[in-house]
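Trainee: Next up, target01.pdb (PDB, C-alpha atoms).
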ATOM      1  CA  MET J  28       6.900 -91.112  65.193  1.00  0.00           C
ATOM      2  CA  ARG J  29       7.872 -88.678  62.463  1.00  0.00           C
ATOM      3  CA  ILE J  30       4.684 -89.382  60.566  1.00  0.00           C
ATOM      4  CA  VAL J  31       2.553 -88.618  63.617  1.00  0.00           C
ATOM      5  CA  LEU J  32       4.453 -85.359  64.211  1.00  0.00           C
ATOM      6  CA  ILE J  33       4.051 -84.364  60.557  1.00  0.00           C
ATOM      7  CA  PHE J  34       0.338 -85.189  60.705  1.00  0.00           C
ATOM      8  CA  ILE J  35      -0.134 -83.068  63.867  1.00  0.00           C
ATOM      9  CA  CYS J  36       1.722 -80.125  62.307  1.00  0.00           C
ATOM     10  CA  PHE J  37      -0.357 -80.484  59.152  1.00  0.00           C
ATOM     11  CA  ALA J  38      -3.615 -80.499  61.169  1.00  0.00           C
ATOM     12  CA  ILE J  39      -2.543 -77.417  63.146  1.00  0.00           C
ATOM     13  CA  GLY J  40      -1.602 -75.668  59.901  1.00  0.00           C
ATOM     14  CA  LEU J  41      -4.983 -76.414  58.364  1.00  0.00           C
ATOM     15  CA  GLU J  42      -6.805 -75.103  61.436  1.00  0.00           C
ATOM     16  CA  ALA J  43      -4.685 -71.937  61.448  1.00  0.00           C
ATOM     17  CA  CYS J  44      -5.495 -71.273  57.800  1.00  0.00           C
ATOM     18  CA  HIS J  45      -9.216 -71.766  58.358  1.00  0.00           C
ATOM     19  CA  ASP J  46     -11.228 -68.588  57.784  1.00  0.00           C
ATOM     20  CA  LYS J  47     -12.813 -67.610  61.083  1.00  0.00           C
ATOM     21  CA  ASN J  48     -15.536 -65.614  59.290  1.00  0.00           C
ATOM     22  CA  SER J  49     -16.750 -68.438  57.066  1.00  0.00           C
ATOM     23  CA  VAL J  50     -19.853 -70.408  57.925  1.00  0.00           C
ATOM     24  CA  PRO J  51     -20.386 -74.132  57.320  1.00  0.00           C
ATOM     25  CA  GLY J  52     -22.801 -75.534  54.767  1.00  0.00           C
ATOM     26  CA  GLY J  53     -26.454 -75.452  55.771  1.00  0.00           C
ATOM     27  CA  ILE J  54     -25.978 -72.097  57.522  1.00  0.00           C
ATOM     28  CA  LEU J  55     -27.077 -68.852  55.880  1.00  0.00           C
ATOM     29  CA  LYS J  56     -24.213 -66.688  54.652  1.00  0.00           C
ATOM     30  CA  LYS J  57     -23.674 -63.388  56.443  1.00  0.00           C
ATOM     31  CA  ASP J  58     -25.290 -61.218  53.762  1.00  0.00           C
ATOM     32  CA  GLN J  59     -28.371 -63.416  53.525  1.00  0.00           C
ATOM     33  CA  MET J  60     -28.619 -63.666  57.319  1.00  0.00           C
ATOM     34  CA  ARG J  61     -28.364 -59.880  57.524  1.00  0.00           C
ATOM     35  CA  ASP J  62     -31.244 -59.419  55.082  1.00  0.00           C
ATOM     36  CA  VAL J  63     -33.488 -62.038  56.718  1.00  0.00           C
ATOM     37  CA  LEU J  64     -32.733 -60.804  60.227  1.00  0.00           C
ATOM     38  CA  TRP J  65     -33.460 -57.216  59.178  1.00  0.00           C
ATOM     39  CA  ASP J  66     -36.827 -58.258  57.746  1.00  0.00           C
ATOM     40  CA  MET J  67     -37.603 -60.216  60.925  1.00  0.00           C
ATOM     41  CA  MET J  68     -36.808 -57.134  63.015  1.00  0.00           C
ATOM     42  CA  GLN J  69     -39.068 -55.020  60.828  1.00  0.00           C
ATOM     43  CA  ALA J  70     -41.880 -57.576  61.171  1.00  0.00           C
ATOM     44  CA  ASP J  71     -41.530 -57.568  64.967  1.00  0.00           C
ATOM     45  CA  ALA J  72     -41.535 -53.780  65.050  1.00  0.00           C
ATOM     46  CA  PHE J  73     -44.652 -53.682  62.863  1.00  0.00           C
ATOM     47  CA  THR J  74     -46.363 -56.218  65.102  1.00  0.00           C
ATOM     48  CA  ASN J  75     -45.532 -54.263  68.246  1.00  0.00           C
ATOM     49  CA  ALA J  76     -46.417 -50.876  66.815  1.00  0.00           C
ATOM     50  CA  PHE J  77     -49.651 -51.669  64.999  1.00  0.00           C
ATOM     51  CA  ILE J  78     -51.023 -55.190  65.302  1.00  0.00           C
ATOM     52  CA  LYS J  79     -50.877 -55.387  69.109  1.00  0.00           C
ATOM     53  CA  LYS J  80     -52.937 -52.199  69.292  1.00  0.00           C
ATOM     54  CA  ASP J  81     -55.730 -53.758  67.250  1.00  0.00           C
ATOM     55  CA  PRO J  82     -57.881 -55.867  69.596  1.00  0.00           C
ATOM     56  CA  SER J  83     -59.484 -57.732  66.695  1.00  0.00           C
ATOM     57  CA  LYS J  84     -56.165 -59.329  65.696  1.00  0.00           C
ATOM     58  CA  ASN J  85     -54.010 -61.927  67.386  1.00  0.00           C
ATOM     59  CA  ALA J  86     -50.482 -60.503  67.412  1.00  0.00           C
ATOM     60  CA  VAL J  87     -48.742 -63.896  67.657  1.00  0.00           C
ATOM     61  CA  SER J  88     -50.554 -65.417  64.679  1.00  0.00           C
ATOM     62  CA  GLU J  89     -50.084 -62.246  62.614  1.00  0.00           C
ATOM     63  CA  ASN J  90     -46.371 -62.257  63.400  1.00  0.00           C
ATOM     64  CA  ILE J  91     -46.127 -65.915  62.327  1.00  0.00           C
ATOM     65  CA  LYS J  92     -47.813 -64.981  59.034  1.00  0.00           C
ATOM     66  CA  LEU J  93     -45.286 -62.199  58.516  1.00  0.00           C
ATOM     67  CA  GLN J  94     -42.420 -64.591  59.248  1.00  0.00           C
ATOM     68  CA  LYS J  95     -43.761 -67.089  56.704  1.00  0.00           C
ATOM     69  CA  GLN J  96     -43.866 -64.326  54.102  1.00  0.00           C
ATOM     70  CA  ILE J  97     -40.278 -63.363  54.920  1.00  0.00           C
ATOM     71  CA  PHE J  98     -39.133 -66.967  54.547  1.00  0.00           C
ATOM     72  CA  LEU J  99     -40.907 -67.207  51.175  1.00  0.00           C
ATOM     73  CA  ILE J 100     -39.342 -63.959  49.969  1.00  0.00           C
ATOM     74  CA  HIS J 101     -35.838 -65.147  50.860  1.00  0.00           C
ATOM     75  CA  GLY J 102     -36.399 -68.724  49.687  1.00  0.00           C
ATOM     76  CA  ILE J 103     -35.564 -70.386  53.001  1.00  0.00           C
ATOM     77  CA  SER J 104     -37.458 -72.481  55.525  1.00  0.00           C
ATOM     78  CA  ARG J 105     -38.180 -71.706  59.150  1.00  0.00           C
ATOM     79  CA  GLU J 106     -35.742 -74.450  60.144  1.00  0.00           C
ATOM     80  CA  ASP J 107     -33.002 -72.954  57.938  1.00  0.00           C
ATOM     81  CA  PHE J 108     -33.392 -69.598  59.637  1.00  0.00           C
ATOM     82  CA  TYR J 109     -33.483 -70.865  63.205  1.00  0.00           C
ATOM     83  CA  THR J 110     -30.583 -73.275  62.614  1.00  0.00           C
ATOM     84  CA  SER J 111     -28.558 -70.370  61.251  1.00  0.00           C
ATOM     85  CA  TYR J 112     -29.725 -68.048  64.019  1.00  0.00           C
ATOM     86  CA  ASN J 113     -28.619 -70.534  66.685  1.00  0.00           C
ATOM     87  CA  TYR J 114     -25.264 -70.955  64.937  1.00  0.00           C
ATOM     88  CA  TYR J 115     -24.716 -67.192  64.889  1.00  0.00           C
ATOM     89  CA  LYS J 116     -25.750 -66.965  68.569  1.00  0.00           C
ATOM     90  CA  GLU J 117     -23.083 -69.558  69.416  1.00  0.00           C
ATOM     91  CA  HIS J 118     -20.479 -67.534  67.473  1.00  0.00           C
ATOM     92  CA  PRO J 119     -20.759 -63.997  68.860  1.00  0.00           C
ATOM     93  CA  GLY J 120     -18.053 -62.614  66.569  1.00  0.00           C
ATOM     94  CA  LEU J 121     -20.068 -63.592  63.512  1.00  0.00           C
ATOM     95  CA  MET J 122     -23.320 -62.364  65.048  1.00  0.00           C
ATOM     96  CA  LEU J 123     -21.684 -59.026  65.842  1.00  0.00           C
ATOM     97  CA  ALA J 124     -20.524 -58.747  62.233  1.00  0.00           C
ATOM     98  CA  VAL J 125     -24.078 -59.429  61.004  1.00  0.00           C
ATOM     99  CA  LEU J 126     -25.617 -56.914  63.407  1.00  0.00           C
ATOM    100  CA  ASP J 127     -22.988 -54.304  62.530  1.00  0.00           C
ATOM    101  CA  SER J 128     -23.723 -54.796  58.849  1.00  0.00           C
ATOM    102  CA  ILE J 129     -27.441 -54.310  59.566  1.00  0.00           C
ATOM    103  CA  THR J 130     -26.662 -51.041  61.328  1.00  0.00           C
ATOM    104  CA  ALA J 131     -24.311 -49.881  58.572  1.00  0.00           C
ATOM    105  CA  LYS J 132     -26.863 -50.753  55.891  1.00  0.00           C
ATOM    106  CA  GLU J 133     -29.585 -48.807  57.688  1.00  0.00           C
ATOM    107  CA  VAL J 134     -27.324 -45.779  58.149  1.00  0.00           C
ATOM    108  CA  ARG J 135     -26.391 -45.940  54.466  1.00  0.00           C
ATOM    109  CA  ASP J 136     -30.024 -46.281  53.386  1.00  0.00           C
ATOM    110  CA  GLU J 137     -31.061 -43.391  55.651  1.00  0.00           C
ATOM    111  CA  ALA J 138     -28.337 -41.202  54.154  1.00  0.00           C
ATOM    112  CA  ILE J 139     -29.544 -42.076  50.668  1.00  0.00           C
ATOM    113  CA  ARG J 140     -33.158 -41.298  51.613  1.00  0.00           C
ATOM    114  CA  THR J 141     -32.148 -38.001  53.224  1.00  0.00           C
ATOM    115  CA  LYS J 142     -29.983 -37.040  50.265  1.00  0.00           C
ATOM    116  CA  SER J 143     -32.815 -37.909  47.912  1.00  0.00           C
ATOM    117  CA  ILE J 144     -35.233 -35.728  49.866  1.00  0.00           C
ATOM    118  CA  ILE J 145     -32.759 -32.831  49.965  1.00  0.00           C
ATOM    119  CA  ASN J 146     -31.966 -33.122  46.264  1.00  0.00           C
ATOM    120  CA  HIS J 147     -35.648 -33.373  45.423  1.00  0.00           C
ATOM    121  CA  ALA J 148     -36.421 -30.282  47.479  1.00  0.00           C
ATOM    122  CA  ALA J 149     -33.567 -28.379  45.829  1.00  0.00           C
ATOM    123  CA  ILE J 150     -34.869 -29.033  42.318  1.00  0.00           C
ATOM    124  CA  PRO J 151     -37.274 -26.223  41.512  1.00  0.00           C
ATOM    125  CA  ASP J 152     -40.562 -27.084  39.916  1.00  0.00           C
ATOM    126  CA  SER J 153     -40.529 -26.027  36.269  1.00  0.00           C
ATOM    127  CA  ILE J 154     -44.072 -24.628  36.411  1.00  0.00           C
ATOM    128  CA  LYS J 155     -43.233 -22.536  39.464  1.00  0.00           C
ATOM    129  CA  MET J 156     -40.014 -21.343  37.844  1.00  0.00           C
ATOM    130  CA  LYS J 157     -41.924 -20.298  34.728  1.00  0.00           C
ATOM    131  CA  ALA J 158     -44.394 -18.334  36.872  1.00  0.00           C
ATOM    132  CA  ILE J 159     -41.543 -16.642  38.745  1.00  0.00           C
ATOM    133  CA  ARG J 160     -39.825 -15.715  35.470  1.00  0.00           C
ATOM    134  CA  ASN J 161     -43.103 -14.258  34.137  1.00  0.00           C
ATOM    135  CA  GLN J 162     -43.553 -12.207  37.312  1.00  0.00           C
ATOM    136  CA  ASN J 163     -39.991 -10.912  37.058  1.00  0.00           C
ATOM    137  CA  ILE J 164     -40.523  -9.892  33.434  1.00  0.00           C
ATOM    138  CA  GLN J 165     -43.743  -8.079  34.354  1.00  0.00           C
ATOM    139  CA  LEU J 166     -42.047  -6.352  37.300  1.00  0.00           C
ATOM    140  CA  LYS J 167     -39.148  -5.195  35.139  1.00  0.00           C
ATOM    141  CA  GLY J 168     -41.599  -3.575  32.755  1.00  0.00           C
ATOM    142  CA  LYS J 169     -43.381  -1.772  35.594  1.00  0.00           C
ATOM    143  CA  ILE J 170     -40.134  -0.653  37.197  1.00  0.00           C
ATOM    144  CA  ASN J 171     -38.947   0.908  33.966  1.00  0.00           C
ATOM    145  CA  GLN J 172     -42.249   2.801  33.598  1.00  0.00           C
ATOM    146  CA  THR J 173     -42.316   4.309  37.083  1.00  0.00           C
ATOM    147  CA  PRO J 174     -40.286   7.448  37.738  1.00  0.00           C
ATOM    148  CA  ILE J 175     -37.540   7.280  40.303  1.00  0.00           C
ATOM    149  CA  VAL J 176     -38.291   9.548  43.254  1.00  0.00           C
ATOM    150  CA  SER J 177     -35.492  10.481  45.570  1.00  0.00           C
ATOM    151  CA  PRO J 178     -36.264  10.335  49.269  1.00  0.00           C
ATOM    152  CA  LYS J 179     -36.515  13.520  51.324  1.00  0.00           C
ATOM    153  CA  PRO J 180     -33.283  14.585  52.913  1.00  0.00           C
ATOM    154  CA  VAL J 181     -33.011  13.852  56.611  1.00  0.00           C
ATOM    155  CA  VAL J 182     -32.033  16.760  58.851  1.00  0.00           C
ATOM    156  CA  ILE J 183     -30.365  16.025  62.139  1.00  0.00           C
ATOM    157  CA  LYS J 184     -30.632  18.767  64.730  1.00  0.00           C
ATOM    158  CA  LYS J 185     -27.806  19.199  67.170  1.00  0.00           C
ATOM    159  CA  LYS J 186     -28.564  20.118  70.723  1.00  0.00           C
ATOM    160  CA  LYS J 187     -26.191  21.924  72.959  1.00  0.00           C
ATOM    161  CA  ILE J 188     -25.637  20.305  76.321  1.00  0.00           C
ATOM    162  CA  ASN J 189     -24.494  22.469  79.248  1.00  0.00           C
ATOM    163  CA  ILE J 190     -22.195  20.873  81.734  1.00  0.00           C
TER     164      ILE J 190
END
For this file, produce the structure as structure tokens.

Mentor:
Amino acid sequence: MRIVLIFICFAIGLEACHDKNSVPGGILKKDQMRDVLWDMMQADAFTNAFIKKDPSKNAVSENIKLQKQIFLIHGISREDFYTSYNYYKEHPGLMLAVLDSITAKEVRDEAIRTKSIINHAAIPDSIKMKAIRNQNIQLKGKINQTPIVSPKPVVIKKKKINI
């Protein structure tokens, strides 16, 4: 009886120590699933925004081609992705973590793009700066050559008001 009780306690202890965020073998890890899922979302958005508007193209077949390219890029098969996708759908906590990481990555990338644009706009063009410096030098020479004329004095007339 003691052995059975020890075995049950051991099994409960192992289950308690199990990492809830880990995924079993054969399932894409969270980072890889995030990247593949992001690319799949981008492919769907591209299909909806552009390919469906072109009557000469079949949107479904074009989307399948895009998916095949995504699977090749990430080195996985269609079955690997959909097996992993179904696993993540059955474990909403993990799926939420993947989707949150997609959102955080996009926000981070957008901030980097925005910062890059702002920094690029703030860096003056060296050719323009040279032209501005040349204009300033020419203006300084002209200012020193022109006499300073004082403006005419302004006279304010006071009116008497009868009350």

Trainee: Just checking: using all atoms listed in the file, which residue out of J:Ser83, J:His101, J:Val50, J:Leu55 ends up closest to Met67 in chain J?

Mentor: J:His101

Trainee: Edge lengths and centre in Å to one decimal, as AutoDock Vina command-line options, of the axis-aligned box that encloses all listed atoms of range 116-128 of chain J with 6 Å added on every side?

Mentor:
--center_x -21.9 --center_y -61.9 --center_z 64.1 --size_x 19.7 --size_y 27.3 --size_z 22.6

Trainee: Skip Phe108 in chain J itself and residues of its chain fewer than 4 positions away, then list as number ranges by chain all residues within 8 Å of it, counting all atoms listed in the file.

Mentor: J: 55, 60, 103-104, 112

Trainee: With distances taken over all atoms listed in the file, which residue among J:Asp66, J:Asp127, J:Glu137, J:Asp81 lies nearest Lys95 in chain J?

Mentor: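 Ranked by minimum distance to Lys95 in chain J, first place goes to J:Asp66.
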
Trainee: Calculate how many Å separate CA of Ala131 in chain J from CA of Trp65 in chain J, rounding to one decimal.

Mentor: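 These atoms are spaced 11.7 Å apart.
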
Trainee: Determine the residue set returned by the PyMOL selection byres ((chain J and resi 111) around 9) for the present structure, and present it as a count of residues only.

Mentor: 15
